[in-house]
Each structure stands twice: as C-alpha cells, then as structure tokens.
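So this block is work_13.pdb, PDB, C-alpha atoms and all ligand atoms:
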ATOM      1  CA  MET A   1     108.230  58.218  17.047
ATOM      2  CA  LYS A   2     110.112  60.571  19.364
ATOM      3  CA  THR A   3     112.806  62.755  17.831
ATOM      4  CA  PHE A   4     116.006  63.500  19.738
ATOM      5  CA  ALA A   5     118.761  66.054  19.148
ATOM      6  CA  ALA A   6     122.468  65.293  19.477
ATOM      7  CA  ILE A   7     125.663  67.357  19.391
ATOM      8  CA  GLU A   8     129.231  66.118  19.195
ATOM      9  CA  ALA A   9     130.958  69.337  20.260
ATOM     10  CA  GLY A  10     134.583  69.468  19.152
ATOM     11  CA  GLY A  11     137.276  72.103  19.060
ATOM     12  CA  THR A  12     137.156  72.387  15.269
ATOM     13  CA  LYS A  13     133.574  71.378  14.469
ATOM     14  CA  PHE A  14     130.173  70.703  16.000
ATOM     15  CA  VAL A  15     128.345  67.725  14.505
ATOM     16  CA  CYS A  16     124.589  68.140  15.045
ATOM     17  CA  GLY A  17     122.050  65.389  14.479
ATOM     18  CA  THR A  18     118.343  64.778  14.855
ATOM     19  CA  GLY A  19     116.412  61.548  14.548
ATOM     20  CA  SER A  20     114.434  58.819  16.272
ATOM     21  CA  GLY A  21     117.350  56.378  16.424
ATOM     22  CA  PRO A  22     121.126  56.476  16.073
ATOM     23  CA  HIS A  23     121.015  54.927  12.623
ATOM     24  CA  ASN A  24     118.570  57.423  11.106
ATOM     25  CA  LEU A  25     120.159  60.694  12.212
ATOM     26  CA  THR A  26     120.047  63.683   9.890
ATOM     27  CA  THR A  27     123.327  65.465  10.550
ATOM     28  CA  THR A  28     125.034  68.737   9.761
ATOM     29  CA  VAL A  29     128.545  69.998  10.491
ATOM     30  CA  ILE A  30     129.098  73.498  11.866
ATOM     31  CA  PRO A  31     132.613  74.936  12.277
ATOM     32  CA  THR A  32     133.636  75.874  15.831
ATOM     33  CA  THR A  33     134.124  79.660  15.747
ATOM     34  CA  THR A  34     132.887  81.821  18.629
ATOM     35  CA  PRO A  35     130.461  80.313  21.157
ATOM     36  CA  ALA A  36     127.704  82.790  20.203
ATOM     37  CA  GLU A  37     127.969  82.113  16.471
ATOM     38  CA  THR A  38     128.432  78.336  16.755
ATOM     39  CA  ILE A  39     125.542  77.880  19.201
ATOM     40  CA  ALA A  40     123.250  80.115  17.082
ATOM     41  CA  ARG A  41     123.972  78.060  13.946
ATOM     42  CA  CYS A  42     123.299  74.783  15.804
ATOM     43  CA  LEU A  43     120.023  76.188  17.139
ATOM     44  CA  GLU A  44     118.943  77.177  13.611
ATOM     45  CA  PHE A  45     119.423  73.557  12.551
ATOM     46  CA  PHE A  46     117.480  72.149  15.507
ATOM     47  CA  GLN A  47     114.673  74.716  15.294
ATOM     48  CA  ALA A  48     114.078  73.755  11.648
ATOM     49  CA  THR A  49     113.213  70.219  12.887
ATOM     50  CA  GLY A  50     109.853  69.299  14.407
ATOM     51  CA  PRO A  51     109.310  68.934  18.151
ATOM     52  CA  LEU A  52     112.328  67.491  19.971
ATOM     53  CA  GLU A  53     112.129  65.239  23.032
ATOM     54  CA  ALA A  54     115.556  65.980  24.529
ATOM     55  CA  ILE A  55     119.077  66.945  23.535
ATOM     56  CA  GLY A  56     122.374  65.212  24.313
ATOM     57  CA  ILE A  57     125.774  66.881  24.136
ATOM     58  CA  GLY A  58     129.152  65.141  24.174
ATOM     59  CA  SER A  59     131.662  67.955  24.512
ATOM     60  CA  PHE A  60     135.357  68.696  24.358
ATOM     61  CA  GLY A  61     136.593  69.749  27.758
ATOM     62  CA  PRO A  62     137.365  70.142  30.464
ATOM     63  CA  VAL A  63     133.681  70.354  31.419
ATOM     64  CA  ASP A  64     131.720  70.616  34.682
ATOM     65  CA  LEU A  65     129.660  67.436  35.275
ATOM     66  CA  ASP A  66     128.748  68.126  38.921
ATOM     67  CA  GLU A  67     124.964  68.477  38.918
ATOM     68  CA  SER A  68     125.060  70.461  42.179
ATOM     69  CA  SER A  69     127.501  73.004  40.722
ATOM     70  CA  PRO A  70     126.332  76.424  39.433
ATOM     71  CA  THR A  71     128.519  75.838  36.368
ATOM     72  CA  TRP A  72     127.191  72.331  35.550
ATOM     73  CA  GLY A  73     127.077  71.903  31.773
ATOM     74  CA  HIS A  74     129.789  74.482  31.167
ATOM     75  CA  ILE A  75     133.015  74.020  29.272
ATOM     76  CA  THR A  76     135.472  75.240  31.931
ATOM     77  CA  THR A  77     139.208  75.960  31.612
ATOM     78  CA  THR A  78     139.706  74.948  27.988
ATOM     79  CA  PRO A  79     142.715  76.373  26.128
ATOM     80  CA  LYS A  80     140.323  76.944  23.185
ATOM     81  CA  ALA A  81     140.228  80.752  22.839
ATOM     82  CA  GLY A  82     136.860  82.332  23.671
ATOM     83  CA  TRP A  83     135.300  79.115  25.022
ATOM     84  CA  GLN A  84     136.348  79.335  28.679
ATOM     85  CA  PHE A  85     133.304  78.964  30.954
ATOM     86  CA  THR A  86     130.790  78.627  28.123
ATOM     87  CA  ASP A  87     127.381  77.409  29.327
ATOM     88  CA  LEU A  88     126.829  74.870  26.577
ATOM     89  CA  ALA A  89     124.099  72.694  28.149
ATOM     90  CA  GLY A  90     122.175  75.704  29.448
ATOM     91  CA  ALA A  91     122.226  77.536  26.127
ATOM     92  CA  PHE A  92     120.550  74.618  24.321
ATOM     93  CA  SER A  93     118.114  73.529  27.026
ATOM     94  CA  ARG A  94     116.837  77.105  27.492
ATOM     95  CA  ALA A  95     116.527  77.928  23.776
ATOM     96  CA  LEU A  96     114.851  74.604  22.900
ATOM     97  CA  ASN A  97     113.066  74.191  26.247
ATOM     98  CA  ILE A  98     113.853  70.464  26.468
ATOM     99  CA  PRO A  99     115.854  68.253  28.874
ATOM    100  CA  VAL A 100     119.578  68.097  28.198
ATOM    101  CA  GLY A 101     122.092  65.301  28.776
ATOM    102  CA  PHE A 102     125.690  66.451  29.002
ATOM    103  CA  ASP A 103     129.014  64.617  29.244
ATOM    104  CA  THR A 104     132.503  64.523  27.808
ATOM    105  CA  ASP A 105     132.914  63.572  24.146
ATOM    106  CA  VAL A 106     134.838  60.438  25.166
ATOM    107  CA  ASN A 107     132.323  59.339  27.810
ATOM    108  CA  ALA A 108     129.616  59.758  25.156
ATOM    109  CA  ALA A 109     131.650  57.609  22.768
ATOM    110  CA  ALA A 110     132.109  54.917  25.454
ATOM    111  CA  LEU A 111     128.345  54.904  26.034
ATOM    112  CA  ALA A 112     127.581  54.542  22.314
ATOM    113  CA  GLU A 113     130.094  51.726  21.881
ATOM    114  CA  SER A 114     128.526  49.869  24.821
ATOM    115  CA  ARG A 115     125.025  50.250  23.343
ATOM    116  CA  TRP A 116     125.574  49.673  19.655
ATOM    117  CA  GLY A 117     129.282  49.184  18.949
ATOM    118  CA  ALA A 118     132.376  47.194  19.849
ATOM    119  CA  ALA A 119     131.501  46.904  23.570
ATOM    120  CA  ARG A 120     127.857  45.938  23.008
ATOM    121  CA  SER A 121     126.232  44.486  26.138
ATOM    122  CA  LEU A 122     129.367  45.075  28.238
ATOM    123  CA  ALA A 123     128.918  47.104  31.441
ATOM    124  CA  ASN A 124     132.607  48.011  31.710
ATOM    125  CA  CYS A 125     134.605  49.521  28.886
ATOM    126  CA  VAL A 126     137.126  52.241  28.144
ATOM    127  CA  TYR A 127     137.111  54.456  25.054
ATOM    128  CA  LEU A 128     140.426  56.177  24.358
ATOM    129  CA  THR A 129     140.779  58.654  21.502
ATOM    130  CA  VAL A 130     144.275  59.173  20.136
ATOM    131  CA  GLY A 131     144.263  62.216  17.883
ATOM    132  CA  THR A 132     145.540  65.789  18.164
ATOM    133  CA  GLY A 133     145.241  65.145  21.901
ATOM    134  CA  ILE A 134     144.447  62.015  23.917
ATOM    135  CA  GLY A 135     141.313  61.578  26.028
ATOM    136  CA  GLY A 136     139.487  58.692  27.602
ATOM    137  CA  GLY A 137     136.008  57.869  28.835
ATOM    138  CA  ALA A 138     134.837  54.878  30.834
ATOM    139  CA  LEU A 139     131.685  52.964  31.541
ATOM    140  CA  VAL A 140     131.982  51.326  34.989
ATOM    141  CA  ASN A 141     129.260  48.942  36.173
ATOM    142  CA  GLY A 142     127.009  50.364  33.460
ATOM    143  CA  LYS A 143     127.493  54.017  34.455
ATOM    144  CA  LEU A 144     129.723  56.670  32.936
ATOM    145  CA  LEU A 145     132.649  57.462  35.225
ATOM    146  CA  HIS A 146     132.664  61.054  36.552
ATOM    147  CA  GLY A 147     134.112  61.293  40.064
ATOM    148  CA  LEU A 148     135.704  64.539  41.193
ATOM    149  CA  VAL A 149     135.375  66.107  37.735
ATOM    150  CA  HIS A 150     135.909  63.493  35.037
ATOM    151  CA  PRO A 151     138.842  61.255  34.150
ATOM    152  CA  GLU A 152     141.753  62.821  32.247
ATOM    153  CA  MET A 153     143.213  59.593  30.899
ATOM    154  CA  GLY A 154     145.347  61.379  28.318
ATOM    155  CA  HIS A 155     147.507  62.885  31.038
ATOM    156  CA  ILE A 156     148.562  59.749  32.906
ATOM    157  CA  ARG A 157     152.289  59.259  33.409
ATOM    158  CA  ILE A 158     153.952  56.364  31.634
ATOM    159  CA  PRO A 159     157.578  55.221  31.810
ATOM    160  CA  HIS A 160     159.718  57.357  29.501
ATOM    161  CA  ASP A 161     163.121  55.942  28.596
ATOM    162  CA  PHE A 162     165.066  59.064  27.606
ATOM    163  CA  ALA A 163     167.878  56.946  26.154
ATOM    164  CA  ALA A 164     165.483  55.290  23.692
ATOM    165  CA  ASP A 165     163.362  58.410  23.144
ATOM    166  CA  PRO A 166     164.980  61.738  24.043
ATOM    167  CA  PHE A 167     161.890  63.672  22.856
ATOM    168  CA  PRO A 168     160.752  65.837  25.815
ATOM    169  CA  GLY A 169     156.996  65.677  25.064
ATOM    170  CA  VAL A 170     154.500  68.331  23.997
ATOM    171  CA  CYS A 171     151.977  68.587  26.833
ATOM    172  CA  PRO A 172     151.978  72.236  28.001
ATOM    173  CA  PHE A 173     151.122  71.078  31.540
ATOM    174  CA  HIS A 174     153.198  67.901  31.993
ATOM    175  CA  GLY A 175     155.681  67.599  29.148
ATOM    176  CA  ASP A 176     156.014  63.844  28.748
ATOM    177  CA  CYS A 177     152.624  62.566  29.935
ATOM    178  CA  LEU A 178     150.816  60.106  27.615
ATOM    179  CA  GLU A 179     149.401  62.917  25.451
ATOM    180  CA  GLY A 180     152.796  64.633  25.488
ATOM    181  CA  LEU A 181     154.492  61.502  24.128
ATOM    182  CA  ALA A 182     151.901  59.696  22.002
ATOM    183  CA  SER A 183     149.315  62.151  20.611
ATOM    184  CA  GLY A 184     149.241  62.987  16.909
ATOM    185  CA  THR A 185     150.765  66.343  17.865
ATOM    186  CA  ALA A 186     153.653  64.544  19.585
ATOM    187  CA  LEU A 187     154.172  62.232  16.586
ATOM    188  CA  ARG A 188     154.516  65.211  14.237
ATOM    189  CA  ALA A 189     156.734  67.150  16.647
ATOM    190  CA  ARG A 190     159.074  64.177  17.158
ATOM    191  CA  TRP A 191     159.228  62.775  13.628
ATOM    192  CA  GLY A 192     158.041  65.576  11.315
ATOM    193  CA  ASP A 193     154.799  66.394   9.527
ATOM    194  CA  ASN A 194     155.118  63.415   7.190
ATOM    195  CA  ALA A 195     154.921  60.945  10.127
ATOM    196  CA  PRO A 196     151.391  59.793   9.160
ATOM    197  CA  GLN A 197     152.835  58.560   5.850
ATOM    198  CA  PHE A 198     155.579  56.466   7.452
ATOM    199  CA  PRO A 199     155.452  52.770   6.410
ATOM    200  CA  PRO A 200     154.223  50.240   9.005
ATOM    201  CA  ASP A 201     157.769  49.033   9.760
ATOM    202  CA  HIS A 202     159.023  52.535  10.703
ATOM    203  CA  PRO A 203     160.342  52.708  14.299
ATOM    204  CA  ALA A 204     157.858  55.530  14.999
ATOM    205  CA  TRP A 205     155.032  52.997  15.141
ATOM    206  CA  LYS A 206     156.809  50.564  17.451
ATOM    207  CA  LEU A 207     157.420  53.397  19.907
ATOM    208  CA  GLU A 208     153.829  54.644  19.542
ATOM    209  CA  ALA A 209     152.488  51.131  20.179
ATOM    210  CA  ARG A 210     154.748  50.781  23.229
ATOM    211  CA  TYR A 211     153.364  53.995  24.765
ATOM    212  CA  LEU A 212     149.746  53.130  23.997
ATOM    213  CA  ALA A 213     150.200  49.596  25.380
ATOM    214  CA  LEU A 214     151.634  51.038  28.610
ATOM    215  CA  ALA A 215     148.585  53.298  28.884
ATOM    216  CA  VAL A 216     146.180  50.431  28.144
ATOM    217  CA  ALA A 217     147.911  48.265  30.778
ATOM    218  CA  ASN A 218     147.322  51.012  33.354
ATOM    219  CA  PHE A 219     143.617  51.064  32.484
ATOM    220  CA  VAL A 220     143.472  47.246  32.731
ATOM    221  CA  PHE A 221     145.066  47.417  36.186
ATOM    222  CA  THR A 222     142.947  50.309  37.505
ATOM    223  CA  LEU A 223     139.477  50.073  35.904
ATOM    224  CA  SER A 224     139.425  46.402  34.873
ATOM    225  CA  PRO A 225     137.380  47.088  31.729
ATOM    226  CA  GLU A 226     135.938  44.196  29.729
ATOM    227  CA  ARG A 227     137.081  45.803  26.464
ATOM    228  CA  ILE A 228     139.192  48.793  25.447
ATOM    229  CA  ILE A 229     138.367  50.748  22.308
ATOM    230  CA  LEU A 230     141.023  52.878  20.651
ATOM    231  CA  GLY A 231     139.705  55.555  18.291
ATOM    232  CA  GLY A 232     140.876  58.885  16.891
ATOM    233  CA  GLY A 233     142.985  59.907  13.919
ATOM    234  CA  VAL A 234     146.221  58.175  14.946
ATOM    235  CA  MET A 235     144.365  54.848  15.218
ATOM    236  CA  HIS A 236     143.490  55.045  11.508
ATOM    237  CA  GLN A 237     146.984  53.496  11.313
ATOM    238  CA  THR A 238     145.371  50.088  11.818
ATOM    239  CA  HIS A 239     148.759  48.328  11.745
ATOM    240  CA  LEU A 240     149.237  49.737  15.269
ATOM    241  CA  PHE A 241     146.693  47.291  16.719
ATOM    242  CA  PRO A 242     148.757  44.068  16.409
ATOM    243  CA  LEU A 243     151.831  45.932  17.714
ATOM    244  CA  ILE A 244     149.805  47.114  20.723
ATOM    245  CA  HIS A 245     148.471  43.589  21.347
ATOM    246  CA  THR A 246     152.003  42.153  21.402
ATOM    247  CA  GLU A 247     153.358  44.911  23.671
ATOM    248  CA  LEU A 248     150.352  44.688  26.001
ATOM    249  CA  ALA A 249     150.671  40.926  26.396
ATOM    250  CA  ALA A 250     154.361  41.376  27.285
ATOM    251  CA  ILE A 251     153.622  44.134  29.817
ATOM    252  CA  LEU A 252     150.781  42.215  31.517
ATOM    253  CA  ASN A 253     152.984  39.082  31.559
ATOM    254  CA  GLN A 254     149.980  36.793  32.224
ATOM    255  CA  TYR A 255     149.397  38.411  35.607
ATOM    256  CA  VAL A 256     145.730  39.306  35.085
ATOM    257  CA  GLN A 257     143.916  35.973  34.845
ATOM    258  CA  ALA A 258     141.203  36.647  32.288
ATOM    259  CA  PRO A 259     140.725  34.642  29.075
ATOM    260  CA  GLN A 260     140.106  37.915  27.195
ATOM    261  CA  LEU A 261     143.702  38.903  27.962
ATOM    262  CA  LEU A 262     145.354  35.486  27.927
ATOM    263  CA  ASN A 263     143.732  33.992  24.815
ATOM    264  CA  SER A 264     142.112  36.712  22.709
ATOM    265  CA  ILE A 265     143.861  39.994  23.341
ATOM    266  CA  HIS A 266     143.207  40.967  19.684
ATOM    267  CA  GLU A 267     139.493  41.052  20.560
ATOM    268  CA  TYR A 268     140.157  42.985  23.766
ATOM    269  CA  VAL A 269     141.832  46.105  22.343
ATOM    270  CA  VAL A 270     139.820  47.008  19.270
ATOM    271  CA  PRO A 271     138.864  49.889  16.933
ATOM    272  CA  PRO A 272     135.458  51.570  17.417
ATOM    273  CA  GLY A 273     132.602  49.387  16.186
ATOM    274  CA  LEU A 274     130.773  52.562  15.144
ATOM    275  CA  GLY A 275     133.712  53.952  13.159
ATOM    276  CA  PRO A 276     133.579  57.752  13.121
ATOM    277  CA  ASN A 277     130.051  57.804  14.604
ATOM    278  CA  SER A 278     130.813  56.906  18.241
ATOM    279  CA  GLY A 279     130.672  60.555  19.319
ATOM    280  CA  ILE A 280     127.404  61.606  17.679
ATOM    281  CA  PHE A 281     125.715  58.286  18.559
ATOM    282  CA  GLY A 282     126.881  58.819  22.128
ATOM    283  CA  ALA A 283     125.342  62.282  22.215
ATOM    284  CA  PHE A 284     122.120  60.671  20.957
ATOM    285  CA  ALA A 285     122.300  58.145  23.828
ATOM    286  CA  LEU A 286     122.758  61.027  26.293
ATOM    287  CA  ALA A 287     119.573  62.629  24.890
ATOM    288  CA  GLN A 288     117.656  59.370  25.372
ATOM    289  CA  GLU A 289     118.885  59.166  28.985
ATOM    290  CA  ALA A 290     117.966  62.815  29.622
ATOM    291  CA  ALA A 291     114.425  62.148  28.394
ATOM    292  CA  CYS A 292     114.116  59.136  30.750
ATOM    293  CA  HIS A 293     115.410  61.006  33.773
ATOM    294  CA  PHE A 294     113.337  64.131  33.243
TER     295      PHE A 294
HETATM  296 ZN    ZN B 301     149.562  66.238  30.139
END

Output the file's structure in the form of structure tokens.
Ligand code: ZN
Amino acid sequence: MKTFAAIEAGGTKFVCGTGSGPHNLTTTVIPTTTPAETIARCLEFFQATGPLEAIGIGSFGPVDLDESSPTWGHITTTPKAGWQFTDLAGAFSRALNIPVGFDTDVNAAALAESRWGAARSLANCVYLTVGTGIGGGALVNGKLLHGLVHPEMGHIRIPHDFAADPFPGVCPFHGDCLEGLASGTALRARWGDNAPQFPPDHPAWKLEARYLALAVANFVFTLSPERIILGGGVMHQTHLFPLIHTELAAILNQYVQAPQLLNSIHEYVVPPGLGPNSGIFGAFALAQEAACHF
C-alpha cells in the first residue's frame, strides 16, 4: 500500500493528512501563522509517518500554476500578511524529496467531488465556495481549469440593483463584485454580525440566493458544467438551495436545453458530497496525480 501526503492550505489553518486512500487519512490541523513556522510544523507531522509516495497541496491563493514559471508552486500576491511569494510546493517537495501536486484549494475540491463526491464520474463540474470570501474551481473535459493563471470566479460582476440593495460591497479591489456582495463578509457587513442566525424567511437570504443564482447562471452559460457544487460556510444555510434553484430556473428561462436544468435543477446545484472533506480529499487526489506523472 502506497502512502500519500495531503495539505489543504488555508488562511487560518493547514489541514494535513496521510494515508493510502481518501477515506483512511490520518489528519492533523495546524494554525496558519508565519510560513516558516507553519511549514515546519506540517513537515514534523509528515516526517513522523513512514515513506511517502507523493504530496498534494490545495492552497489558498492567488497561486502560480504555470509549470514553466520560476515561481510555480508559490502563493503570489495574497493579502495574507507574511505569505506573499511563499514557495509552498518547493518547500515540501525539497524537504520530503517526493513529487508534489499543486493547485488552488477550490480546484482540488472540484477534483475530489468529481472522483468521490457529488460530481462522481462527471468530466465537467464547478465547485464554488461561499465563505469569508468566494472562490471557484472547475473541471473541464476531465482536467482542472488553469488558463492564464487560474479562474477567479468570486470576482465576476453580477447585476447590482442599487434601489433594491444600496450596499456598496466589500471587495477591496472591485467593491460590488460577487464576493463583494455575497460573501459571508458581505452578509455581516450589510446585515450585522447576527446575520447567520436570521430565520430562513429573512429577506437577507432571498437576496443572497438571487446573487448566487446570477453567478451560477454565468457559470452555466460560460463553462457548461454538468453539475455545480456550492460549499463553504454560508452554504451551511441549507435553506438557500431551494431559493437558488427557483431563482436560477427563472434566470435561465428554459433557454439552455438540458434535462438537468429543465427537469431536475435541484440535482444540478448541490452541496458537496464529501461535506467538509472536499479540500483535503482533493489534495490527496493531487498527490496521486503527481505520483503518476513523475
Ligand atoms: Zn472582487
């Protein structure tokens, strides 16, 4: 049995795991402090395990995914203090002397959901996380979407009716982009810190569902995914899903002729099949791929 290492690298914590399969991972959680301290504590965990085949890292970003770039595997211009231009992939592959797979946290989650979760056996899916920020990853024709750098789905522009919602948005770069209007940070800024406790019939949720449905419609129109998975802290409000389905059906207006959208939209926009494990399972999948490609 080959043992793989996996890291879900987040802005507040690093989840590290080792195991021979996604369902038998031994995990530990390490707080994100300085790069030197956080990486050293992860390495201690991995070095206490037996021989490792490869490591996979799904990271917060932005990150450099261009394999011809001298800064491939680095976190680049993140606002996270102290983490700008941190060579994450290099630090682990050199210290452990094993192949490394590296991608965004949301691409990793999309990969895991397509292997073992809600998009199982589908070659085209989108994973959108709606939490403190908003980010999206995509599997297109069976491959994770990179392109110029990697998609920044949280920053798409959506219609903003200032009469219905005068809130200016919280994105430091764009104001009222999707993340600026619909992230958990935006919800708290617009409605107050008790927003997560609002009852399901509060107008906050109808507005949130409207914005997320607009975003989902844009992904339907551009990437034509076979399923869209909505994860992250805000989506723990599971009553949002039926609101999003209704809004999405109205926005699409039967234009896209696919039975998934016309007849079973509630099975098209779904929560993660892997619950909170999409990220770490995805990092595990990246390790498996790194071992194959080495
Ligand atoms: Zn933005």

**OP:** Decode the PyMOL selection byres (((not hetatm)) within 7 of (chain B and resi 301)) for the given file into explicit residues and return them as JSON, numbers by chain.
**Re:** {"A": [154, 155, 171, 172, 173, 174, 175, 177, 178, 179, 180]}

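Look at A:Leu248: the protein and nucleic acid residues within 10 Å of it, using only C-alpha atoms and passing over chain neighbours fewer than 5 places away, are Ala209, Arg210, Tyr211, Leu212, Ala213, Leu214, Ala215, Val216, Ala217, Val220, Pro242, Leu243, Asn253, Leu261, Ile265 and Val269 of chain A.
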
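Minimum distance to A:Leu111 across A:Leu88, A:Cys292, A:Ser278, A:Val29 (counting all atoms listed in the file) occurs at A:Ser278.
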
Near stretch 17-28 of chain A, counting all atoms listed in the file, which residues have an atom at most 9 Å away, once you skip same-chain residues fewer than 3 positions from it, shown as a PyMOL selection string?
chain A and resi 1-8+14+42+45-46+49+52+55+116+280-285

Which residues are close to A:Arg190, i.e. within 10 Å by only C-alpha atoms, leaving aside same-chain residues fewer than 3 positions away? Reply as a PyMOL selection string.
chain A and resi 165-170+181-182+184-187+193+195+204

Counting all atoms listed in the file, closest pick from A:Gly279, A:Leu144, A:Lys206, A:Phe162 relative to A:Ser59 is A:Gly279

Could you work out an axis-aligned bounding box for all listed atoms of stretch 261-268 of chain A, with 5 Å added on each of the six sides, and give its centre and edge lengths in Å to one decimal, as AutoDock Vina command-line options?
--center_x 142.4 --center_y 38.5 --center_z 23.8 --size_x 15.9 --size_y 19.0 --size_z 18.3

How close does each residue of stretch 111-223 of chain A get to stretch 101-106 of chain A, giving the shortest atom pair and distance in Å to one decimal for every residue with an atom at most 7 Å away, counting all atoms listed in the file, sorted by chain and residue number, as a tab-separated table?
residue	atom	partner	partner_atom	distance
A:Tyr127	CA	A:Val106	CA	6.4
A:Gly135	CA	A:Val106	CA	6.6
A:Gly136	CA	A:Val106	CA	5.5
A:Gly137	CA	A:Val106	CA	4.6

Residues from last step as file, C-alpha atoms, as a PDB file, in the coordinates of the input:
ATOM      1  CA  TYR A 127     137.111  54.456  25.054  1.00  0.00           C
ATOM      2  CA  GLY A 135     141.313  61.578  26.028  1.00  0.00           C
ATOM      3  CA  GLY A 136     139.487  58.692  27.602  1.00  0.00           C
ATOM      4  CA  GLY A 137     136.008  57.869  28.835  1.00  0.00           C
TER       5      GLY A 137
END

Step by step: start from the point (138.7, 74.4, 34.8) in the file's coordinates, keep every protein, DNA or RNA residue that has an atom no farther than 10 Å from it, count all atoms listed in the file, and write the set as a PDB file with C-alpha atoms, in the frame of the given file.
ATOM      1  CA  GLY A  61     136.593  69.749  27.758  1.00  0.00           C
ATOM      2  CA  PRO A  62     137.365  70.142  30.464  1.00  0.00           C
ATOM      3  CA  VAL A  63     133.681  70.354  31.419  1.00  0.00           C
ATOM      4  CA  ASP A  64     131.720  70.616  34.682  1.00  0.00           C
ATOM      5  CA  HIS A  74     129.789  74.482  31.167  1.00  0.00           C
ATOM      6  CA  ILE A  75     133.015  74.020  29.272  1.00  0.00           C
ATOM      7  CA  THR A  76     135.472  75.240  31.931  1.00  0.00           C
ATOM      8  CA  THR A  77     139.208  75.960  31.612  1.00  0.00           C
ATOM      9  CA  THR A  78     139.706  74.948  27.988  1.00  0.00           C
ATOM     10  CA  PRO A  79     142.715  76.373  26.128  1.00  0.00           C
ATOM     11  CA  GLN A  84     136.348  79.335  28.679  1.00  0.00           C
ATOM     12  CA  PHE A  85     133.304  78.964  30.954  1.00  0.00           C
ATOM     13  CA  VAL A 149     135.375  66.107  37.735  1.00  0.00           C
TER      14      VAL A 149
END

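One finds atom CA of A:His150 at 27.2 Å from atom CA of A:His245.
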
Judged by only C-alpha atoms, the minimum distance to A:Asn97 among A:Gly233, A:Gly82, A:Leu43, A:Glu113 is found for A:Leu43

Open item on the list: I'd like the interatomic distance between atom CA of A:Gly117 and atom CA of A:Leu223, to a tenth of an Å.
Closed with: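 Straight-line distance from atom CA of A:Gly117 to atom CA of A:Leu223 works out to 19.8 Å.
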
Any chance you could work out the residue set of the PyMOL selection byres (((chain A and resi 237) around 10) and not hetatm) here, as a PyMOL selection string?
chain A and resi 196-200+205+232-236+238-241

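Reported to one decimal place, the separation of atom CA of A:Pro272 from atom CA of A:Gly142 is 18.2 Å.
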
Just checking: using all atoms listed in the file, which residue out of A:Pro70, A:Gly231, A:Gly133, A:Pro225 ends up closest to A:Pro271?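 Of A:Pro70, A:Gly231, A:Gly133, A:Pro225, the one nearest A:Pro271 is A:Gly231, counting all atoms listed in the file.
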
Check your understanding: Pick from A:Pro159, A:Gly131, A:Gln257, A:Pro203: nearest to A:Ser183, with all atoms listed in the file counted?
Key ->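 The answer is A:Gly131, which sits nearest to A:Ser183.
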
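With all atoms listed in the file as the basis for measurement, A:Ala36 is the residue among A:Ala258, A:Ala36, A:Val15, A:Cys125 that approaches A:Thr86 most closely.
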